[in-house]
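Undergrad: A single structure is presented below for examination.
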Amino acid sequence: MNTQTELRSPMSQRPHIISKAKDRTGIGANVGIEVNGEKLSVPMGKTILEICRENNVHIPTLCYHEDLCIAGNCRMCVVEVEGMKTLQAACAFPVTGPVKIRTFSNKVRKARKHILDLLLSEHYGECYSCVRNNNCELQSLAKEYGVDGYEFGHVCESRFEIDKTSHAVVRDMDKCILCRRCVRTCIDLQEVGVLEAIYRGYDTMIGTFMDKPLADVICINCGQCINRCPTGALHANDPSDDIWKAIEDPSKHVVIQTAPSPRAAIGEEFGLPPGTSMTGQLNTAIRRMGFDRVFDTNFSADLTIMEEGTELLNRLKSAIVDKDKSVMLPQFTSCSPGWVKFIEHFYPEHLNYLSSAKSPQQMFGAVIKTFYAKEQNIDPKDIVTVAVMPCAAKKFECNRPEMNSSGYKDVDYGLTTRELAKMIRETGLVLPELPKSNFDEPFGEASGAGLIFGATGGVMEAALRTVYELVTGRQVPFKNLNIEACRGMEGIKQASVKLENCVEQFSFLEGVELKFMVAHGTANAKTVMEMLLKGELSDFHFIEIMGCPGGCIGGGGQPIPTSELIRKLRAKAIYDEEASLPVRKSHENPRIKYIYEKFLTDGPCGKLSHKLLHTHYQKRGKFIS
Amino acid sequence: MLVYEKNAVSELVSDLTEKYGKKRSSLLPILQEIQQRYNYISDFAQQEVARMLDIHPVEVYGVISFYAFLYDKPRGRNIVRLCKTIICDLAGTKAIADAVKRELGIEFGDTTKDGRVTLEYANCIGMCDHSPAMLVNDHVFTGLDPETACKILREIK
Amino acid sequence: MQNLKRNKMNTVFEKQNRSGPILFSKYDEGSGIEKALSMDRNEILNELRDSKLKGRGGAGFPTSSKWMIVAAANDEKKYVICNADEGEPGTFKDRVLLSEYPELVFDGMTIAGFTIGAEEGIVYLRGEYTYMLSYLESYLEKMRQSGRLGKNVLGKEGFNFDIIIRLGSGAYVCGEETALIESLEGYRGEPRNRPPYPVNTGFMGHPTIVNNVETFALIPHIVLKGGTWFCENGTDRSTGSKLFSVSGDCENPGVYELPWGTTIKELLAIVGAENAKAVQVGGASGVCIGKKDFNRSLAYEDAATGGSIMIFNDSRNMLQILKSFMEFFVEESCGQCTPCRIGNVKLLEGVEMIEKGEFTFEYIEKLKDLGRTMQIASKCGLGQTSPNPFISTLENFKEEIFKSKAEGALT
């Protein structure tokens with residue numbers, strides 16, 4: 001059975017029902033069922049939960065998450081199926097016959113209330129002191145079922161130590177309700193395999209290998225588990241107190257850069273629908289909070305494209321002209337720190353495929369503490385750089401010891417979208433109502449190419465626009481510069497573009513079919529790496545990989561909840577904004593031209609940029625001693 | 001762990017993988033045999049198994065911590081499991097437990113200093129018709145009283 | 001260690017003393033397989049249907065239905081799994097069957113393999129029974145030597161069947177069939193969602209029959225003598241006989257083969273336990289029956305059991321017994337679903353409250369209510385049955401339990 005290799009979680013947590021039911025009956029036909037007395041005609045094999053959601057019948061869930069396979073272990077979604085002695089979990093029960101279902105009979109409501117009471121009796125802590133207050137699935141269910149007291153008692157002291165060892169993810173098992181969404185995220189969705197249920201019975205908990213602290217295991221810090229945790233058991237390591245301190249410190253010059261994805265998503269934290277871009281308002285808010293400068297990460301995304309694109313061309317030249325066997329192709333992107341740590345752990349022998357370019361966040365940090373400091377005449381030791389990122393792994397990335405090429409820590413703090421929203425709320429500012437304002441100079445302008453970094457395929461699209469034009473002297477041959485092959489939520493996308501009539505410098509590429517591939521989520525990354533190991537990618541040139549499903553817009557620092565629809569809407573916001581920008585190619589960004597004229601004078605991939613904008617990787621390996 | 005010890009573990013794991021097949025369903029038998037050899041499954045052995053079967057180390061650990069008879073920490077050479085389920089209990093488990101605790105000088109769940117015996121409780125071992133009963137490694141002893149139980153414990157090496 | 005080995009199993013082998021209508025009657029090794037191979041597969045299934053045999057593990061699902069679904073399934077691989085993870089407290093009939101009547105069990109599995117078209121049989125033997133392993137392995141080897149296992153079993157062209165034994169590792173919940181499969185596949189023994197049932201999607205995703213040791217042991221007899229003969233014993237809805245593992249306060253604990261429908265009183269007389277106060281029928285997950293109900297009969301339609309009969313006399317403290325059972329469930333719950341993981345702890349806490357006299361009747365009623373939720377909302381049979389002793393003991397022995405405690409109660 002091939003699902004054995006495709007999915008790794010236990011069968012007990014696997015959705016082998018839906019496709020199976022179709023195969024078995026071979027009908028795919030509809031069947032008449034009754035939900036709360038209402039007659040419906042539904043396709044065979046769908047689960048009760050799916051049917052009810054489609055028909056606006058609300059069923060409460062906790063362990064169910066639409067990105068994940070089905071567990072059926074919280075039992076919140078139980079419903080009564082006529083003729084069955086026990087209640088059935090709606091999320092796991094496929095309809096294969098004309099059943100009669102009741103979703104809110106006394107029996108059902110009582111069972112759900114009991115389950116909630118049981119969960120609450122083990123759920124340590126108070127809601128008002130929880131990072132997920134007002135955005136907690138357990139809390140809202142407690143309200144929904146009118147929980148008015150602890151029926152079966154309540155734990156009055158903490159039983160677990162909070163694991164704060166990781167730069168990115170904090171685990172507070174006192175709040176865990178063992179829905180195992182994080183386990184399914186870690187093992188199935190991301191194929192990292194750090195979290196798993198350990199021990200048995202009442203002692204069951206979510207743990208790591210040998211119950212080691214998170215910093216000591218192979219966590220890639222992607223934070224996807226945080227996005228799917230229904231309670232506050234998993235949250236990001238919040239540096240906002242330190243940032244507030246720096247803001248109030250008159251001797252510090254606090255500079256913030258904001259990435260495109262947080263701007264497309266932060267509105268959700270303020271009650272706006274997903275996909276509402278807040279770029280201008282956010283700039284105002286940040287200034288009012290007291291940051292000295294606000295910059296656009298898109299600028300350094302453009303810088304990344306220049307460096308990474310040039311690196312690709314250099315590699316191609318070495319491989320084609322110099323026949324250098326040590327040059328690794330395809331070149332993999334390196335801007336996703338989750339993906340970088342993933343390859344360091346799981347494919348340590350193949351780090352040479354990675355582009356040596358730093359991520360936009362780190363490039364910006366290095367530029368701010370060198371070029372900007374010099375231009376503004378500020379001592380870099382007094383500069384504090386903050387990066388607003390959709391990402392949990394960025395917190396780890398900025399703490400990598402090698403990320404100090406400016407002589408100082410390139411980026412001091414990585415801040416997630418959620419944490420920035422929290423800081424804004426603390427100020428009392430109402431983000432959606434603020435006036436719009438622009439980014440600060442000297443990096444006040446960025447191209448649309450940098451903007452679309454936020455969605456999966458964006459880096460590829462941006463790089464192609466620049467590389468194709470450098471090589472042929474013409475725009476990429478796609479309508480409105482939109483390379484549709486790079487867009488969309490498909491796990492692995494691939495396409496090619498033919499290089500013809502190249503300019504003289506790149507004549508060695510004449511007639512080359514530039515093949516590229518885009519993958520997002522480390523499970524897909526794993527598939528790509530396995531293809532690479534089998535030699536199936538030998539004719540590919542450039543591969544973009546993002547650690548999180550959907551790319552940065554689905555990152556581990558983004559507002560909760562997440563779903564494919566929400567990610568699509570955020571991506572749409574980014575693409576829409578991009579289409580209206582005047583400059584849409586990295587190399588045409590005047591600020592980029594400026595920095596290569598004034599500062600990085602030996603050009604992309606030159607000596608200085610190698611020192612400041614490129615990095616190296618560590619062979620970490622999958623196993624720990 | 002010394003290098004040659006690690007090599008021995010790796011060799012054992014790869015032999016076992018060969019014997020049972022490189023598939024997830026071989027996991028339990030492999031772990032059982034490793035434990036038979038080393039008394040427990042070290043974190044190195046767990047990672048070796050994970051590597052050979054191409055699964056995550058934490059999955060191996062999750063399995064080990066689930067099953068009562070698999071250990072991730074060193075145990076004594078002999079494991080004594082005294083049945084504590086009701087029938088044995090009513091037939092005098094407590095007296096036996098007290099006696100063997102005194103005899104060995106350890107509590108349940110602990111191992112003697114010389115690493116000879118680990119003392120544990122077990123749930124029903126299916127000897128209710130000859131209660132009270134206990135398992136010493138794979139052997140079952142029935143119809144115990146405090147004196148014979150202690151005698152048995154003295155005789156195991 | 002040498003002289004100790006002599007001690008072990010000292011009283012276990014007593015085969016010559018046993019007799020019974022079906023299982024403990026005479027059986028020649030291999031004769032069941034021989035007869036089965038001479039029959040058509042459908043004939044076997046029909047005999048099985050006529051026998052109205054129900055699973056002997058406790059749940060009582062009609063065996064013929066299970067087999068028919070798998071026999072009809074269209075899959076190149078099918079599995080026969082024998083559930084020898086006998087973990088229910090007070091049950092030891094499978095131990096006796098495996099150690100003294102392995103020919104019945106293995107012949108039954110082979111017949112199952114022939115009937116449903118499987119080539120592989122797996123015995124999931126609980127870790128506590130490791131001492132049987134070498135004996136069973138040698139018996140299987142003997143079967144291979146004599147052609148009862150292997151290629152072309154007993155010369156039947158095209159029927160290949162072999163049996164392997166896999167050991168459990170100390171987890172009661174692995175007796176639940178989907179947890180057992182999960183364990184065989186190398187996962188934590190956590191029950192799966194049902195549907196799909198193992199008969200459709202079982203071991204490694206293939207159609208699988210999972211039957212109790214005793215069920216398989218009955219098969220050769222049914223094949224040899226027919227389903228109608230089998231129905232001569234027992235009641236209408238519970239046909240045949242049942243092995244009862246009798247333990248506790250009686251003169252002769254042990255395994256008894258009695259026809260279904262035997263009343264508790266009759267059984268108590270046979271085993272020598274006239275002064276019994278309570279009988280726990282069905283192990284820890286069963287119900288506790290008091291004197292006034294000793295006229296109830298042991299049958300699927302009345303007091304159902306997987307075979308465990310625990311007898312307690314007047315000197316026993318029912319609360320202590322209940323506490324022991326609840327502690328058992330707290331330890332042995334797999335911890336996957338909420339009602340079972342936390343619910344059992346709450347019930348145990350309730351028992352402890354009663355023990356200390358620090359309870360209110362209101363709270364105890366609330367716990368009983370919780371127990372009823374657990375019975376219908378838990379994911380698998382363990383959580384669905386674990387509140388049984390709590391509810392039944394507190395109901396049937398409330399005078400004894402609450403009389404002395406009520407004075408200390410806070411109400």
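By order in the structure tokens, chains are A, B, ...; within a chain, residues start at 1; ligands start at 1, following the order shown.
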Would you tabulate, counting only C-alpha atoms, all residues of chain A that have an atom at most 10 Å from an atom of chain B, showing the closest pair of atoms and their distance in Å to one decimal, sorted by chain then ascending number, as a tab-separated table?

TA:
```
residue	atom	partner	partner_atom	distance
A:Gln4	CA	B:Arg24	CA	9.3
A:Arg8	CA	B:Ile55	CA	8.1
A:Ser9	CA	B:Glu59	CA	9.1
A:Pro10	CA	B:Glu59	CA	9.6
A:Ile187	CA	B:His56	CA	8.4
A:Glu191	CA	B:His56	CA	9.0
A:Val192	CA	B:His56	CA	8.0
A:Gly193	CA	B:His56	CA	5.6
A:Val194	CA	B:Val58	CA	6.3
A:Leu195	CA	B:Val58	CA	6.9
A:Glu196	CA	B:Val58	CA	6.3
A:Ala197	CA	B:Gly62	CA	6.0
A:Ile198	CA	B:Gly62	CA	4.5
A:Tyr199	CA	B:Ser65	CA	4.6
A:Arg200	CA	B:Phe66	CA	5.0
A:Gly201	CA	B:Phe66	CA	8.6
A:Asp203	CA	B:Phe66	CA	9.8
A:Thr204	CA	B:Phe66	CA	8.5
A:Met205	CA	B:Gly62	CA	9.9
A:Ile206	CA	B:Gly62	CA	9.3
A:Gly207	CA	B:Val58	CA	8.1
A:Thr208	CA	B:Val58	CA	6.0
A:Phe209	CA	B:Val58	CA	4.3
A:Met210	CA	B:Tyr61	CA	6.5
A:Asp211	CA	B:Val58	CA	8.8
A:Val217	CA	B:Val58	CA	9.6
A:Lys622	CA	B:His56	CA	8.8
A:Phe623	CA	B:Gln47	CA	6.6
A:Ile624	CA	B:Gln47	CA	8.2
A:Ser625	CA	B:Phe44	CA	7.2
```

Undergrad: Residues of chain C were defined as contacting chain B if any atom lay at most 7 Å from it, counting only C-alpha atoms; please report them as a ChimeraX atom specification.

TA: /C:1,8-9,87,89-92,128,130-131,169-171,184-188,246-248,253-254,321,324

Undergrad: CA of Met374 in chain C to CA of Thr61 in chain A: how many Å, to one decimal?

TA: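 Separating CA of Met374 in chain C from CA of Thr61 in chain A is a distance of 17.7 Å.
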
Undergrad: Mind checking which residues fall within 10 Å of Cys605 in chain A, counting only C-alpha atoms, ignoring those fewer than 3 positions away in the same chain, and posting them as a VMD selection string?

TA: chain A and resid 306 to 311 314 356 to 357 600 602 608 to 611 613 to 614

Undergrad: Pick out each residue of range 256-308 of chain A that DSSP on the backbone tags as strand (DSSP E or B); I need them as a list in words.

TA: Ile256, Gln257, Thr258, Arg293, Val294, Phe295 and Asp296 of chain A

Undergrad: How would the residues just picked look written out with all heavy atoms as a PDB file, in the first residue's frame?

TA:
```pdb
ATOM      1  N   ILE A 256      13.752  49.071  12.228  1.00  0.00           N
ATOM      2  CA  ILE A 256      12.913  47.885  12.018  1.00  0.00           C
ATOM      3  C   ILE A 256      12.729  47.661  10.525  1.00  0.00           C
ATOM      4  O   ILE A 256      12.654  48.612   9.750  1.00  0.00           O
ATOM      5  CB  ILE A 256      11.559  48.042  12.752  1.00  0.00           C
ATOM      6  CG1 ILE A 256      10.771  46.728  12.735  1.00  0.00           C
ATOM      7  CG2 ILE A 256      10.745  49.178  12.173  1.00  0.00           C
ATOM      8  CD1 ILE A 256       9.576  46.727  13.671  1.00  0.00           C
ATOM      9  N   GLN A 257      12.743  46.417  10.130  1.00  0.00           N
ATOM     10  CA  GLN A 257      12.411  46.085   8.739  1.00  0.00           C
ATOM     11  C   GLN A 257      11.159  45.224   8.756  1.00  0.00           C
ATOM     12  O   GLN A 257      10.993  44.375   9.627  1.00  0.00           O
ATOM     13  CB  GLN A 257      13.568  45.335   8.076  1.00  0.00           C
ATOM     14  CG  GLN A 257      14.094  44.146   8.873  1.00  0.00           C
ATOM     15  CD  GLN A 257      15.009  43.242   8.057  1.00  0.00           C
ATOM     16  OE1 GLN A 257      14.699  42.919   6.917  1.00  0.00           O
ATOM     17  NE2 GLN A 257      16.129  42.848   8.639  1.00  0.00           N
ATOM     18  N   THR A 258      10.269  45.466   7.830  1.00  0.00           N
ATOM     19  CA  THR A 258       9.065  44.635   7.797  1.00  0.00           C
ATOM     20  C   THR A 258       9.029  43.845   6.497  1.00  0.00           C
ATOM     21  O   THR A 258       9.250  44.374   5.418  1.00  0.00           O
ATOM     22  CB  THR A 258       7.777  45.469   7.909  1.00  0.00           C
ATOM     23  OG1 THR A 258       7.632  46.259   6.731  1.00  0.00           O
ATOM     24  CG2 THR A 258       7.799  46.375   9.118  1.00  0.00           C
ATOM     25  N   ARG A 293      13.609  54.151  12.591  1.00  0.00           N
ATOM     26  CA  ARG A 293      13.482  54.018  11.141  1.00  0.00           C
ATOM     27  C   ARG A 293      12.675  52.760  10.827  1.00  0.00           C
ATOM     28  O   ARG A 293      12.769  51.759  11.529  1.00  0.00           O
ATOM     29  CB  ARG A 293      14.854  53.851  10.473  1.00  0.00           C
ATOM     30  CG  ARG A 293      15.733  55.081  10.517  1.00  0.00           C
ATOM     31  CD  ARG A 293      15.277  56.149   9.513  1.00  0.00           C
ATOM     32  NE  ARG A 293      16.214  57.256   9.465  1.00  0.00           N
ATOM     33  CZ  ARG A 293      16.303  58.217  10.388  1.00  0.00           C
ATOM     34  NH1 ARG A 293      15.511  58.183  11.438  1.00  0.00           N
ATOM     35  NH2 ARG A 293      17.189  59.184  10.278  1.00  0.00           N
ATOM     36  N   VAL A 294      11.890  52.822   9.762  1.00  0.00           N
ATOM     37  CA  VAL A 294      11.221  51.613   9.297  1.00  0.00           C
ATOM     38  C   VAL A 294      11.586  51.385   7.837  1.00  0.00           C
ATOM     39  O   VAL A 294      11.411  52.257   6.990  1.00  0.00           O
ATOM     40  CB  VAL A 294       9.688  51.663   9.532  1.00  0.00           C
ATOM     41  CG1 VAL A 294       9.088  52.967   9.041  1.00  0.00           C
ATOM     42  CG2 VAL A 294       8.991  50.485   8.862  1.00  0.00           C
ATOM     43  N   PHE A 295      12.144  50.203   7.594  1.00  0.00           N
ATOM     44  CA  PHE A 295      12.602  49.850   6.253  1.00  0.00           C
ATOM     45  C   PHE A 295      11.794  48.679   5.715  1.00  0.00           C
ATOM     46  O   PHE A 295      11.138  47.942   6.461  1.00  0.00           O
ATOM     47  CB  PHE A 295      14.084  49.471   6.280  1.00  0.00           C
ATOM     48  CG  PHE A 295      14.992  50.616   6.635  1.00  0.00           C
ATOM     49  CD1 PHE A 295      16.076  50.412   7.475  1.00  0.00           C
ATOM     50  CD2 PHE A 295      14.773  51.895   6.125  1.00  0.00           C
ATOM     51  CE1 PHE A 295      16.921  51.460   7.810  1.00  0.00           C
ATOM     52  CE2 PHE A 295      15.613  52.942   6.456  1.00  0.00           C
ATOM     53  CZ  PHE A 295      16.687  52.732   7.293  1.00  0.00           C
ATOM     54  N   ASP A 296      11.954  48.523   4.416  1.00  0.00           N
ATOM     55  CA  ASP A 296      11.197  47.484   3.716  1.00  0.00           C
ATOM     56  C   ASP A 296      12.124  46.313   3.392  1.00  0.00           C
ATOM     57  O   ASP A 296      13.110  46.491   2.674  1.00  0.00           O
ATOM     58  CB  ASP A 296      10.635  48.098   2.428  1.00  0.00           C
ATOM     59  CG  ASP A 296       9.674  47.151   1.725  1.00  0.00           C
ATOM     60  OD1 ASP A 296       9.601  45.982   2.153  1.00  0.00           O
ATOM     61  OD2 ASP A 296       9.015  47.597   0.785  1.00  0.00           O
TER      62      ASP A 296
END
```

Undergrad: If we count only C-alpha atoms and set the cut-off at 12 Å, which residues sit around Cys380 in chain C, ignoring sequence neighbours fewer than 4 positions away in its own chain? Please answer as a ChimeraX atom specification.

TA: /A:12,72-73,75,86-89 /C:59,173-179,189-195,333-341,374-376,384-386

Undergrad: If you run DSSP over the backbone, which residues in range 109-164 of chain C end up alpha helix (DSSP H)? Put them as a short mmCIF file (atom, residue, chain, number, x, y, z; two decimals) with N, CA, C and O atoms, in the first residue's frame.

TA:
```
data_model
loop_
_atom_site.label_atom_id
_atom_site.label_comp_id
_atom_site.auth_asym_id
_atom_site.auth_seq_id
_atom_site.Cartn_x
_atom_site.Cartn_y
_atom_site.Cartn_z
N MET C 109 -6.29 -21.64 12.88
CA MET C 109 -5.76 -20.54 12.07
C MET C 109 -5.52 -21.00 10.64
O MET C 109 -5.78 -20.26 9.68
N THR C 110 -5.01 -22.22 10.49
CA THR C 110 -4.75 -22.72 9.15
C THR C 110 -6.06 -22.87 8.37
O THR C 110 -6.14 -22.52 7.18
N ILE C 111 -7.08 -23.38 9.06
CA ILE C 111 -8.38 -23.50 8.40
C ILE C 111 -8.88 -22.12 7.98
O ILE C 111 -9.41 -21.93 6.88
N ALA C 112 -8.67 -21.14 8.88
CA ALA C 112 -9.07 -19.77 8.55
C ALA C 112 -8.34 -19.29 7.31
O ALA C 112 -8.93 -18.69 6.39
N GLY C 113 -7.03 -19.56 7.27
CA GLY C 113 -6.24 -19.15 6.11
C GLY C 113 -6.78 -19.75 4.83
O GLY C 113 -6.93 -19.07 3.81
N PHE C 114 -7.12 -21.03 4.90
CA PHE C 114 -7.67 -21.71 3.72
C PHE C 114 -9.02 -21.09 3.32
O PHE C 114 -9.29 -20.84 2.15
N THR C 115 -9.84 -20.83 4.33
CA THR C 115 -11.20 -20.36 4.04
C THR C 115 -11.20 -18.96 3.43
O THR C 115 -11.95 -18.69 2.49
N ILE C 116 -10.39 -18.07 3.96
CA ILE C 116 -10.44 -16.69 3.46
C ILE C 116 -9.43 -16.42 2.37
O ILE C 116 -9.44 -15.37 1.74
N LEU C 133 7.04 -19.05 24.31
CA LEU C 133 7.44 -18.81 22.93
C LEU C 133 8.19 -20.00 22.34
O LEU C 133 7.84 -20.49 21.27
N SER C 134 9.20 -20.49 23.08
CA SER C 134 10.03 -21.53 22.47
C SER C 134 9.20 -22.79 22.23
O SER C 134 9.36 -23.47 21.22
N TYR C 135 8.30 -23.08 23.16
CA TYR C 135 7.45 -24.26 22.98
C TYR C 135 6.56 -24.10 21.75
O TYR C 135 6.45 -25.01 20.91
N LEU C 136 5.95 -22.94 21.63
CA LEU C 136 5.06 -22.71 20.49
C LEU C 136 5.83 -22.72 19.17
O LEU C 136 5.39 -23.30 18.18
N GLU C 137 7.01 -22.11 19.19
CA GLU C 137 7.84 -22.12 17.98
C GLU C 137 8.17 -23.56 17.59
O GLU C 137 8.09 -23.92 16.42
N SER C 138 8.51 -24.37 18.58
CA SER C 138 8.87 -25.75 18.25
C SER C 138 7.65 -26.51 17.75
O SER C 138 7.74 -27.36 16.86
N TYR C 139 6.49 -26.15 18.31
CA TYR C 139 5.28 -26.83 17.82
C TYR C 139 5.00 -26.44 16.37
O TYR C 139 4.64 -27.29 15.54
N LEU C 140 5.18 -25.15 16.06
CA LEU C 140 4.99 -24.71 14.67
C LEU C 140 5.96 -25.43 13.75
O LEU C 140 5.61 -25.84 12.64
N GLU C 141 7.21 -25.61 14.23
CA GLU C 141 8.20 -26.30 13.42
C GLU C 141 7.74 -27.72 13.15
O GLU C 141 7.85 -28.23 12.03
N LYS C 142 7.19 -28.33 14.19
CA LYS C 142 6.68 -29.69 14.04
C LYS C 142 5.58 -29.74 12.97
O LYS C 142 5.51 -30.64 12.14
N MET C 143 4.73 -28.70 13.02
CA MET C 143 3.65 -28.66 12.02
C MET C 143 4.21 -28.53 10.62
O MET C 143 3.72 -29.14 9.67
N ARG C 144 5.28 -27.72 10.51
CA ARG C 144 5.90 -27.57 9.18
C ARG C 144 6.47 -28.90 8.72
O ARG C 144 6.32 -29.30 7.57
N GLN C 145 7.12 -29.60 9.67
CA GLN C 145 7.70 -30.90 9.32
C GLN C 145 6.64 -31.86 8.80
O GLN C 145 6.84 -32.57 7.84
#
```

Undergrad: When distances are computed from only C-alpha atoms, which of B:Thr148, B:Ile41, B:Val49, B:Arg77 shows the smallest separation from Val13 in chain B?

TA: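 Looking only at the distances to Val13 in chain B, the closest residue turns out to be B:Val49.
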
Undergrad: Record the distance separating CA of Ser318 in chain A and CA of Val512 in chain A, expressed in Å with one decimal.

TA: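 Atom-to-atom, CA of Ser318 in chain A to CA of Val512 in chain A, that is 14.6 Å.
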
Undergrad: Do you have the CA of Thr522 in chain A-CA of Asn399 in chain A distance handy?

TA: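 Taking CA of Thr522 in chain A and CA of Asn399 in chain A, their separation equals 21.6 Å.
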
Undergrad: With a distance cut-off of 9 Å and only C-alpha atoms, select the neighbouring residues of Leu451 in chain A, excluding the residue or stretch itself and same-chain residues fewer than 2 positions from it, and output the selection as a list in words.

TA: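 Within the cut-off, the hits are Ala259, Pro260, Ser261, Thr297, Asn298, Phe299, Ala301, Asp302, Ala446, Ser447, Gly448, Ala449, Phe453, Gly454, Ala455, Gly458, Ala462, Ile574, Tyr575, Glu577, Glu578 and Arg584 of chain A.
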